[in-house]
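Asker: Hey, dropping input-v5.txt in here, compact mmCIF, C-alpha atoms:
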# COMPACT_ATOMS: atom_id res chain seq x y z
CA MET A 103 76.93 94.82 91.66
CA VAL A 104 77.52 96.59 95.01
CA GLU A 105 80.11 94.75 97.09
CA PHE A 106 80.97 97.31 99.80
CA LEU A 107 79.17 99.96 101.85
CA ASP A 108 82.12 102.35 101.59
CA ARG A 109 85.90 102.40 101.79
CA VAL A 110 85.89 101.72 105.54
CA ASP A 111 83.81 98.58 105.04
CA ALA A 112 86.05 97.57 102.14
CA GLY A 113 89.17 98.09 104.25
CA ARG A 114 87.89 95.95 107.09
CA ARG A 115 86.98 93.12 104.73
CA LEU A 116 90.32 93.40 102.95
CA ALA A 117 92.13 93.32 106.31
CA ALA A 118 90.52 89.96 107.05
CA ARG A 119 92.18 88.57 103.91
CA LEU A 120 95.57 89.89 105.07
CA GLU A 121 95.48 88.48 108.61
CA SER A 122 98.47 86.22 107.89
CA TYR A 123 100.68 89.33 107.77
CA ARG A 124 99.91 90.28 111.38
CA GLY A 125 103.08 90.31 113.47
CA GLN A 126 105.37 90.60 110.45
CA ASP A 127 107.54 93.59 109.59
CA VAL A 128 104.88 95.24 107.43
CA VAL A 129 104.26 98.78 106.19
CA VAL A 130 100.84 99.47 104.68
CA LEU A 131 100.97 101.96 101.80
CA GLY A 132 97.79 103.65 100.62
CA LEU A 133 97.47 105.14 97.16
CA PRO A 134 96.18 108.71 97.53
CA ARG A 135 93.53 109.62 97.79
CA GLY A 136 90.87 106.90 97.71
CA GLY A 137 93.18 104.06 98.70
CA VAL A 138 94.16 105.64 102.01
CA PRO A 139 90.84 105.11 103.90
CA VAL A 140 91.00 101.45 102.83
CA ALA A 141 94.66 101.18 103.84
CA ALA A 142 93.95 102.81 107.21
CA GLN A 143 91.62 99.97 108.15
CA VAL A 144 94.18 97.38 107.03
CA ALA A 145 96.97 99.04 109.02
CA ALA A 146 94.84 99.29 112.16
CA ALA A 147 93.79 95.64 111.91
CA LEU A 148 97.37 94.43 111.40
CA GLY A 149 98.87 96.78 113.98
CA ALA A 150 101.15 98.07 111.24
CA PRO A 151 102.36 101.57 110.30
CA LEU A 152 100.45 103.45 107.61
CA ASP A 153 102.01 105.58 104.92
CA VAL A 154 101.21 106.79 101.43
CA VAL A 155 102.99 105.77 98.26
CA VAL A 156 102.91 108.80 96.01
CA VAL A 157 103.69 108.03 92.37
CA ARG A 158 103.61 110.01 89.16
CA LYS A 159 103.34 108.34 85.79
CA LEU A 160 105.84 109.38 83.10
CA GLY A 161 103.71 109.67 79.98
CA VAL A 162 105.03 109.61 76.43
CA PRO A 163 105.13 113.30 75.33
CA PHE A 164 102.79 112.92 72.36
CA GLN A 165 100.61 110.28 74.05
CA PRO A 166 100.56 111.09 77.80
CA GLU A 167 98.18 108.25 78.69
CA LEU A 168 100.89 105.76 77.56
CA ALA A 169 103.28 105.23 80.46
CA MET A 170 106.98 105.00 79.76
CA GLY A 171 107.82 104.89 83.46
CA ALA A 172 107.00 106.18 86.92
CA ILE A 173 108.69 108.11 89.70
CA GLY A 174 108.31 108.17 93.48
CA GLU A 175 109.86 109.75 96.55
CA ASP A 176 113.58 109.78 97.37
CA GLY A 177 114.51 109.60 93.71
CA ALA A 178 112.70 106.34 93.00
CA ARG A 179 112.52 105.97 89.23
CA VAL A 180 111.37 103.21 86.90
CA VAL A 181 111.70 103.59 83.12
CA ASP A 182 110.40 101.15 80.52
CA ALA A 183 113.25 101.22 78.00
CA THR A 184 111.18 99.29 75.45
CA VAL A 185 108.40 101.90 75.39
CA VAL A 186 110.96 104.72 75.27
CA ALA A 187 112.69 103.15 72.30
CA MET A 188 109.50 102.27 70.41
CA ALA A 189 108.09 105.78 70.92
CA GLY A 190 111.37 107.39 69.90
CA VAL A 191 111.54 109.50 73.09
CA THR A 192 114.86 111.33 73.31
CA PRO A 193 116.83 111.71 76.57
CA ALA A 194 115.96 115.42 76.58
CA GLU A 195 112.23 114.71 76.20
CA LEU A 196 112.36 112.10 78.95
CA ALA A 197 114.17 114.54 81.23
CA GLU A 198 111.58 117.24 80.53
CA VAL A 199 108.66 114.95 81.37
CA GLU A 200 110.42 113.67 84.48
CA GLY A 201 111.24 117.19 85.68
CA ARG A 202 107.62 118.30 85.34
CA GLU A 203 106.28 115.23 87.09
CA ARG A 204 108.95 115.46 89.80
CA ARG A 205 107.78 118.99 90.63
CA GLU A 206 104.18 117.79 90.85
CA LEU A 207 105.29 114.85 92.99
CA ARG A 208 107.05 117.16 95.46
CA SER A 209 103.99 119.40 95.65
CA ARG A 210 101.68 116.48 96.35
CA VAL A 211 104.00 114.93 98.90
CA ALA A 212 104.20 118.27 100.72
CA ARG A 213 100.40 118.50 100.85
CA LEU A 214 99.95 114.98 102.19
CA ARG A 215 102.96 114.56 104.47
CA ARG A 216 103.06 118.09 105.91
CA GLY A 217 106.51 117.59 107.38
CA ARG A 218 106.12 113.91 108.25
CA ASP A 219 109.03 111.66 107.23
CA ARG A 220 108.49 108.78 104.85
CA ILE A 221 108.44 105.42 106.62
CA ALA A 222 111.49 103.39 105.62
CA LEU A 223 110.74 100.29 103.54
CA ALA A 224 114.22 98.73 103.37
CA GLY A 225 113.99 94.99 103.99
CA ARG A 226 110.31 95.13 104.95
CA THR A 227 107.05 93.88 103.46
CA ALA A 228 105.13 96.64 101.69
CA ILE A 229 101.38 96.09 101.29
CA VAL A 230 100.24 98.51 98.58
CA VAL A 231 96.51 99.27 98.95
CA ASP A 232 94.07 100.99 96.62
CA ASP A 233 90.26 101.17 96.70
CA GLY A 234 90.03 99.07 93.55
CA LEU A 235 91.84 97.99 90.42
CA ALA A 236 90.75 98.81 86.88
CA THR A 237 93.60 98.72 84.35
CA GLY A 238 96.07 98.50 87.22
CA SER A 239 98.68 100.85 85.75
CA THR A 240 98.91 103.16 88.77
CA ALA A 241 98.96 100.30 91.28
CA ARG A 242 101.65 98.50 89.28
CA ALA A 243 103.75 101.66 89.23
CA ALA A 244 103.29 101.99 93.00
CA CYS A 245 104.55 98.42 93.46
CA GLN A 246 107.59 99.23 91.36
CA VAL A 247 108.30 102.34 93.40
CA ALA A 248 107.91 100.44 96.68
CA ARG A 249 110.50 97.97 95.41
CA GLN A 250 112.81 100.80 94.37
CA LEU A 251 112.52 102.21 97.89
CA GLY A 252 113.88 98.96 99.32
CA ALA A 253 110.89 96.75 100.11
CA ALA A 254 111.94 93.10 100.26
CA THR A 255 108.42 91.87 99.52
CA VAL A 256 105.64 93.76 97.76
CA VAL A 257 101.98 92.74 98.01
CA LEU A 258 99.18 94.49 96.14
CA ALA A 259 95.88 94.43 98.03
CA VAL A 260 92.57 95.79 96.72
CA PRO A 261 88.92 95.24 97.61
CA VAL A 262 87.82 94.65 94.02
CA GLY A 263 89.16 94.31 90.51
CA PRO A 264 88.66 92.41 87.25
CA PRO A 265 90.23 88.93 87.15
CA GLU A 266 92.43 89.77 84.16
CA SER A 267 93.99 92.82 85.87
CA LEU A 268 94.42 91.04 89.19
CA GLY A 269 96.26 88.25 87.40
CA ARG A 270 98.62 90.61 85.61
CA VAL A 271 100.71 92.37 88.27
CA PRO A 272 104.27 91.08 87.80
CA GLU A 273 105.62 93.95 89.89
CA ALA A 274 104.11 92.40 93.06
CA ASP A 275 105.08 89.20 94.85
CA GLY A 276 101.42 88.59 95.59
CA VAL A 277 97.98 90.01 94.92
CA VAL A 278 95.10 89.91 97.41
CA ALA A 279 91.52 90.89 96.58
CA VAL A 280 88.15 90.49 98.27
CA ALA A 281 86.11 90.29 95.07
CA ALA A 282 86.90 89.69 91.40
CA PRO A 283 83.53 90.00 89.66
CA GLU A 284 83.07 89.12 86.03
CA PRO A 285 81.98 91.07 84.13
CA PHE A 286 83.65 93.97 85.95
CA ALA A 287 82.15 97.46 86.08
CA ALA A 288 83.89 100.67 87.12
CA VAL A 289 85.39 100.51 90.61
CA GLY A 290 82.95 103.04 92.04
CA LEU A 291 79.94 100.96 91.01
CA HIS A 292 81.00 98.29 93.50
CA TYR A 293 80.55 100.75 96.41
CA LEU A 294 77.34 102.08 97.88
CA ASP A 295 79.24 105.21 98.97
CA PHE A 296 82.19 106.16 96.75
CA SER A 297 82.43 109.79 97.84
CA PRO A 298 85.67 111.61 96.96
CA THR A 299 88.45 111.51 99.55
CA THR A 300 90.09 114.87 100.29
CA ASP A 301 93.71 115.68 101.08
CA GLU A 302 92.56 116.69 104.56
CA GLU A 303 91.05 113.25 105.15
CA VAL A 304 94.29 111.61 104.01
CA VAL A 305 96.33 113.76 106.39
CA SER A 306 93.95 113.02 109.27
CA LEU A 307 94.17 109.26 108.67
CA LEU A 308 97.97 109.41 108.57
CA ASP A 309 98.00 111.44 111.79
CA GLU A 310 95.66 108.99 113.48
CA ALA A 311 97.79 106.01 112.46
CA ALA A 312 100.98 107.73 113.62
CA GLY A 313 99.35 108.50 116.97
CA ARG A 314 98.32 104.88 117.36
CA LEU A 315 101.90 103.72 116.83
CA ARG A 316 103.25 106.32 119.28
CA ARG A 317 100.86 105.11 121.93
CA GLN A 318 101.85 101.50 121.25
CA GLY A 319 105.52 102.39 121.47
CA ALA A 320 105.04 104.25 124.72
CA ARG A 321 102.99 101.36 126.12
CA ALA A 322 100.33 103.86 127.11
CA LEU A 323 96.96 102.81 128.39
CA PRO A 324 94.94 101.78 125.33
CA ASP A 325 92.18 104.01 124.08
CA CYS A 326 88.70 102.56 124.00
CA ASP A 327 88.24 102.05 120.25
CA VAL A 328 85.51 99.46 119.76
CA GLU A 329 82.42 98.48 117.82
CA VAL A 330 79.42 98.61 120.17
CA SER A 331 75.79 97.49 120.29
CA ILE A 332 73.35 99.83 122.00
CA PRO A 333 69.88 98.74 123.18
CA ALA A 334 67.18 101.19 122.11
CA GLY A 335 63.73 99.90 122.97
CA PRO A 336 62.87 96.95 120.72
CA VAL A 337 66.01 97.26 118.55
CA VAL A 338 69.78 97.20 118.95
CA LEU A 339 71.81 99.97 117.31
CA GLU A 340 75.32 99.43 115.96
CA GLY A 341 77.98 102.02 116.66
CA HIS A 342 81.67 102.76 116.99
CA LEU A 343 82.96 104.24 120.26
CA HIS A 344 86.36 105.89 120.46
CA LEU A 345 87.37 107.34 123.82
CA PRO A 346 90.70 108.79 124.94
CA GLU A 347 92.15 107.79 128.29
CA PRO A 348 90.82 109.45 130.35
CA ALA A 349 87.63 110.71 128.71
CA THR A 350 85.95 113.94 129.81
CA ALA A 351 83.72 114.69 126.78
CA VAL A 352 81.99 112.65 124.09
CA VAL A 353 80.47 113.87 120.82
CA VAL A 354 77.62 111.69 119.52
CA PHE A 355 77.09 111.75 115.75
CA ALA A 356 73.63 111.72 114.18
CA HIS A 357 73.97 110.94 110.48
CA GLY A 358 71.74 112.15 107.70
CA SER A 359 69.44 110.03 105.57
CA GLY A 360 71.27 107.49 103.42
CA SER A 361 74.40 107.67 105.57
CA SER A 362 75.79 105.51 108.36
CA ARG A 363 78.44 105.30 111.06
CA HIS A 364 80.87 104.49 108.25
CA SER A 365 80.34 107.90 106.59
CA PRO A 366 83.81 109.08 105.50
CA ARG A 367 82.84 112.71 106.11
CA ASN A 368 81.70 112.17 109.68
CA ARG A 369 84.61 109.81 110.38
CA PHE A 370 86.97 112.55 109.22
CA VAL A 371 85.37 115.06 111.59
CA ALA A 372 85.38 112.46 114.39
CA ASP A 373 89.12 111.89 113.93
CA VAL A 374 89.77 115.64 114.20
CA LEU A 375 87.71 115.83 117.41
CA PHE A 376 89.46 112.81 118.90
CA ASP A 377 92.89 114.32 118.20
CA ALA A 378 91.69 117.38 120.17
CA GLY A 379 90.94 115.19 123.22
CA MET A 380 87.26 114.37 122.73
CA GLY A 381 85.64 110.95 122.56
CA THR A 382 83.29 110.14 119.68
CA LEU A 383 80.34 107.82 119.19
CA LEU A 384 79.30 107.19 115.61
CA LEU A 385 76.15 105.12 115.43
CA ASP A 386 73.39 104.04 113.10
CA LEU A 387 70.09 105.39 114.40
CA LEU A 388 68.19 102.84 112.31
CA THR A 389 68.65 99.13 111.76
CA PRO A 390 69.43 97.91 108.21
CA ASP A 391 65.80 96.86 107.74
CA GLU A 392 64.50 100.21 108.99
CA GLU A 393 66.79 102.13 106.61
CA ARG A 394 64.73 100.81 103.70
CA ASP A 395 61.59 102.38 105.18
CA ARG A 396 61.53 106.01 103.99
CA ALA A 397 58.97 106.91 106.66
CA LYS A 398 61.43 105.93 109.40
CA VAL A 399 64.31 107.70 107.68
CA PHE A 400 62.44 110.99 108.14
CA ASP A 401 60.87 110.17 111.52
CA ILE A 402 62.78 112.82 113.45
CA ALA A 403 61.08 112.00 116.75
CA LEU A 404 62.16 108.36 116.43
CA LEU A 405 65.72 109.30 115.50
CA ALA A 406 65.90 111.69 118.46
CA GLU A 407 64.58 108.99 120.78
CA ARG A 408 67.35 106.67 119.60
CA LEU A 409 69.91 109.42 120.12
CA GLU A 410 68.68 109.91 123.67
CA ALA A 411 68.94 106.13 124.28
CA ALA A 412 72.56 106.18 123.09
CA THR A 413 73.29 109.14 125.36
CA ALA A 414 71.84 107.32 128.36
CA TRP A 415 73.89 104.24 127.42
CA LEU A 416 77.04 106.37 127.45
CA ALA A 417 76.19 107.72 130.90
CA ALA A 418 75.90 104.17 132.21
CA ARG A 419 79.36 103.04 130.99
CA PRO A 420 82.15 103.42 133.56
CA GLU A 421 84.64 104.90 131.07
CA SER A 422 82.20 107.57 129.82
CA ALA A 423 80.08 108.22 132.92
CA GLY A 424 80.30 111.89 133.83
CA CYS A 425 81.49 112.97 130.38
CA ARG A 426 80.04 116.15 128.93
CA ILE A 427 77.93 115.37 125.87
CA GLY A 428 77.90 117.06 122.48
CA TYR A 429 75.80 116.28 119.41
CA PHE A 430 77.07 116.54 115.84
CA GLY A 431 74.21 116.28 113.36
CA ALA A 432 74.40 116.15 109.57
CA SER A 433 71.49 116.87 107.22
CA THR A 434 68.33 115.25 108.67
CA GLY A 435 70.45 113.99 111.58
CA ALA A 436 70.83 117.60 112.69
CA GLY A 437 67.05 117.81 113.09
CA ALA A 438 67.19 114.75 115.37
CA ALA A 439 70.13 116.17 117.34
CA LEU A 440 68.30 119.45 117.97
CA TRP A 441 65.06 117.63 118.83
CA ALA A 442 66.96 115.61 121.44
CA ALA A 443 68.82 118.69 122.70
CA GLY A 444 65.47 120.48 123.15
CA ALA A 445 64.05 117.78 125.40
CA GLU A 446 63.47 118.62 129.07
CA GLY A 447 66.61 117.78 131.05
CA SER A 448 68.74 117.05 127.98
CA PRO A 449 72.40 116.52 128.91
CA ALA A 450 73.58 118.02 125.62
CA ALA A 451 76.16 120.71 126.38
CA ALA A 452 76.83 121.73 122.77
CA VAL A 453 75.50 121.00 119.29
CA VAL A 454 77.03 121.35 115.84
CA SER A 455 74.93 121.02 112.69
CA ARG A 456 76.64 120.34 109.32
CA GLY A 457 74.44 121.12 106.32
CA GLY A 458 71.60 120.45 108.70
CA ARG A 459 67.83 120.70 108.64
CA PRO A 460 67.13 122.39 111.98
CA ASP A 461 63.59 123.10 110.82
CA LEU A 462 62.86 119.37 111.23
CA ALA A 463 63.20 119.82 114.99
CA GLY A 464 59.91 121.74 114.88
CA ASP A 465 58.75 123.31 118.15
CA ARG A 466 61.62 121.67 120.03
CA LEU A 467 64.06 124.11 118.41
CA ALA A 468 62.90 126.96 120.64
CA HIS A 469 63.67 124.85 123.74
CA VAL A 470 67.33 124.18 122.84
CA THR A 471 69.61 125.93 125.32
CA ALA A 472 72.85 124.15 124.41
CA PRO A 473 75.18 126.47 122.45
CA THR A 474 74.61 125.53 118.82
CA LEU A 475 76.80 126.10 115.77
CA LEU A 476 75.00 125.87 112.42
CA ILE A 477 77.47 125.21 109.57
CA VAL A 478 76.15 125.60 106.03
CA GLY A 479 77.72 125.95 102.58
CA SER A 480 77.21 129.26 100.81
CA ARG A 481 76.01 127.41 97.70
CA ASP A 482 73.48 125.31 99.64
CA GLU A 483 70.97 128.13 99.24
CA VAL A 484 67.72 126.53 100.39
CA VAL A 485 69.28 124.95 103.48
CA LEU A 486 71.15 128.17 104.22
CA GLU A 487 67.88 130.09 104.41
CA LEU A 488 66.37 127.43 106.70
CA ASN A 489 69.37 127.78 109.02
CA ARG A 490 69.09 131.57 109.09
CA GLU A 491 65.49 131.21 110.21
CA ALA A 492 66.48 128.59 112.80
CA LEU A 493 69.16 130.85 114.29
CA ASP A 494 66.48 133.35 115.24
CA GLN A 495 64.95 130.70 117.53
CA LEU A 496 68.20 129.71 119.25
CA GLU A 497 69.66 131.37 122.30
CA PRO A 498 73.06 133.11 122.27
CA PRO A 499 75.89 132.24 121.91
CA SER A 500 74.56 130.09 119.07
CA ARG A 501 75.94 131.10 115.68
CA LEU A 502 75.67 130.48 111.95
CA ALA A 503 78.91 129.75 110.07
CA VAL A 504 78.77 129.92 106.28
CA ILE A 505 81.53 128.06 104.42
CA ASP A 506 82.30 129.97 101.25
CA GLY A 507 81.96 127.97 98.03
CA ALA A 508 80.61 124.82 99.71
CA THR A 509 77.59 122.85 98.57
CA HIS A 510 75.43 120.55 100.71
CA LEU A 511 77.94 117.68 101.06
CA PHE A 512 81.05 119.88 101.47
CA GLU A 513 82.86 118.02 98.68
CA GLU A 514 84.77 121.07 97.48
CA PRO A 515 88.52 121.13 98.33
CA GLY A 516 89.18 122.32 101.87
CA THR A 517 85.54 122.82 102.85
CA LEU A 518 85.18 119.68 104.96
CA ALA A 519 88.43 120.51 106.74
CA GLU A 520 86.98 123.93 107.60
CA VAL A 521 83.87 122.22 109.00
CA ALA A 522 86.09 120.01 111.17
CA VAL A 523 88.16 122.94 112.42
CA ARG A 524 85.07 124.97 113.34
CA ALA A 525 83.41 121.98 115.04
CA ARG A 526 86.59 121.27 117.00
CA ALA A 527 86.80 124.84 118.24
CA TRP A 528 83.10 124.90 119.20
CA PHE A 529 83.17 121.63 121.11
CA ALA A 530 86.49 122.50 122.73
CA GLU A 531 84.99 125.73 124.05
CA PHE A 532 81.75 124.27 125.35
CA LEU A 533 82.78 120.72 126.26
CA LEU A 534 86.43 120.87 127.31
CA HIS A 535 87.10 124.40 128.49
CA VAL A 536 84.07 125.30 130.60
CA GLY A 537 82.77 124.53 134.06
CA ALA A 538 80.13 121.89 134.66
CA ASP A 539 77.44 124.53 135.13
CA ARG A 540 77.47 125.63 131.46
CA GLY A 541 75.83 123.94 128.49
CA GLY A 542 72.57 122.21 127.95
CA ALA A 543 71.80 120.67 131.35
CA ARG A 544 68.69 122.28 132.82
What does this structure look like when you write it as structure tokens?

Answerer:
Amino acid sequence: MVEFLDRVDAGRRLAARLESYRGQDVVVLGLPRGGVPVAAQVAAALGAPLDVVVVRKLGVPFQPELAMGAIGEDGARVVDATVVAMAGVTPAELAEVEGRERRELRSRVARLRRGRDRIALAGRTAIVVDDGLATGSTARAACQVARQLGAATVVLAVPVGPPESLGRVPEADGVVAVAAPEPFAAVGLHYLDFSPTTDEEVVSLLDEAAGRLRRQGARALPDCDVEVSIPAGPVVLEGHLHLPEPATAVVVFAHGSGSSRHSPRNRFVADVLFDAGMGTLLLDLLTPDEERDRAKVFDIALLAERLEAATAWLAARPESAGCRIGYFGASTGAGAALWAAGAEGSPAAAVVSRGGRPDLAGDRLAHVTAPTLLIVGSRDEVVLELNREALDQLEPPSRLAVIDGATHLFEEPGTLAEVAVRARAWFAEFLLHVGADRGGAR
């Protein structure tokens, strides 16, 4: 049943199906929230601008799940006169529903755009992207709104959907999908990782896409933004390296068990760090075969050894040689990051742990001299206590930051953004704004 690792994987595979649109006057429109990470990959692959298409359904007053129309930005409005007539909705009732939904639309647009102008669609091809299609009502409304906003051609693109829904989108000039399984389950069941997408992640993806277009327009030197393969003893690790030009600091991510370099949470944090001027390396510390071996998943010494191999690989690359190194560890990955940082001669200049298990670093924890920030949710009670005990073994200026209301995965609204902001400040202080004699080098 699983078709995709996560929305990033789905976006890359969907982009391959849309290659014919490269070089055309295209705007990629993601449906908030879950469609935006998919759309971001499509936009990057096509070299196209990324925007959101924010729509609100106009539900019949006494049966809100029945749509009688939809609204979008800049006054875009589509009303199904047949449904209005059959339901006996009066002009006053329609106006009341539209007014309420228009207020909610403005609020949501303000949260996601944060002052950014909508990208004009007039005369262009709009590729409307969601993370999957079920009934298709929202995606169809988005296609209608894109047309109302002036798009000459509208294409609906989704990773997965049932054949009957994919074949019933008259509002689009074309429909593109990676998979159309039959029978079809819920969209989320076709993903290994279908974690919720936050408003902060949407904003970060829009910012990243806008920055990419600015750099293209200015003909600046391209950033290093590539998939990489890293030798580590008998295996080769897969990773994604993103370096600014020039690069002075790189944060290496060590993911927790069951996660990967495609983790939407760590990618969100990585984007925030990159925007602050830091390079990032997201990598899988285990091969796909090894990930199925639970003993290896919790072999902290092995994970730390792989992390050290990736760090040495970075030091040998011309574009990252001489960069100050930080480690960002999540869950069990934090144990590996601290194990590696506690090794004799470790180049780690700063460490951040998100919901981490520093206790898994064992005796190495007492040898960590890199300034370390332990970030834990207030509702992650067992892990919070483990981090309090770990702080006693770390040297100043290491600190514990407790995010109020957060659980282990920081899925609560705003909590992941707070993690990213705190990590950015920590790495900026100890990687970007200090002399070469500070940090973890011994």

Asker: Between A:Ala187, A:Ala522, A:Val485, A:Ile477, which has the minimum distance to Leu462 in chain A (counting all atoms listed in the file)?

Answerer: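 With all atoms listed in the file as the atom set, the closest residue is A:Val485.
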
Asker: Just to confirm, what's the straight-line distance from CA of Leu440 in chain A to CA of Val453 in chain A in Å (one decimal)?

Answerer: 7.5 Å

Asker: Could you name the residues that touch Gly458 in chain A at 8 Å or less, counting only C-alpha atoms, but leaving out those on the same chain fewer than 2 positions away, as a count of residues only?

Answerer: 15

Asker: Excluding range 505-521 of chain A and residues on its chain fewer than 2 positions from it, collect all residues at most 10 Å away from it, counting only C-alpha atoms, and give them as a PyMOL selection string.

Answerer: chain A and resi 297-303+306+367-368+370-371+374+432-433+454-458+477-486+502-503+523-526

Asker: Do a neighbour search on Ala443 in chain A at 6 Å with all atoms listed in the file, toss out local chain neighbours closer than 5 positions, and write the hits as JSON, numbers by chain.

Answerer: {"A": [448, 450, 470]}

Asker: Write out as a PyMOL selection string each polymer residue whose atoms come within 7 Å of Val257 in chain A, counting only C-alpha atoms; drop sequence neighbours fewer than 5 positions from it.

Answerer: chain A and resi 228-230+274-277

Asker: Any idea what's packed within 12 Å of range 324-334 of chain A, counting all atoms listed in the file, ignoring anything in its chain fewer than 6 positions away? Could you give it as a PyMOL selection string?

Answerer: chain A and resi 146-147+313-318+340-349+363-364+373+376-377+379-389+404-416+418-422

Asker: Nearest to Tyr429 in chain A among A:Leu493, A:Leu268, A:Ala442, A:Leu467, with distances taken over only C-alpha atoms: which residue is it?

Answerer: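 Checking each candidate against Tyr429 in chain A, we get A:Ala442 as the closest.
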
Asker: Please compute the CA of Ala451 in chain A-CA of Pro473 in chain A distance, one decimal, in Å.

Answerer: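 CA of Pro473 in chain A lies 7.0 Å from CA of Ala451 in chain A.
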
Asker: With only C-alpha atoms as the atoms that count, which of A:Leu339, A:Asp461, A:Arg249, A:Thr471 lies nearest to Glu487 in chain A?

Answerer: A:Asp461

Asker: Could you check which of A:Gly225, A:Gly428, A:Pro163, A:Pro272 is closest to Asp127 in chain A, using only C-alpha atoms?

Answerer: A:Gly225

Asker: Take CA of Val155 in chain A and CA of Val271 in chain A and report the distance between them in Å, one decimal.

Answerer: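 These atoms are spaced 16.9 Å apart.
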
Asker: Between A:Leu160, A:Val337, A:Ala253, A:Cys425, which residue has the minimum interatomic distance to Ala351 in chain A, considering only C-alpha atoms?

Answerer: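 Selected residue with least distance to Ala351 in chain A: A:Cys425.
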
Asker: Taking all atoms listed in the file into account, name the residue in A:Val162, A:Arg369, A:Gly444, A:Ala197 that is nearest to Glu310 in chain A.

Answerer: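 Checking each candidate against Glu310 in chain A, we get A:Arg369 as the closest.
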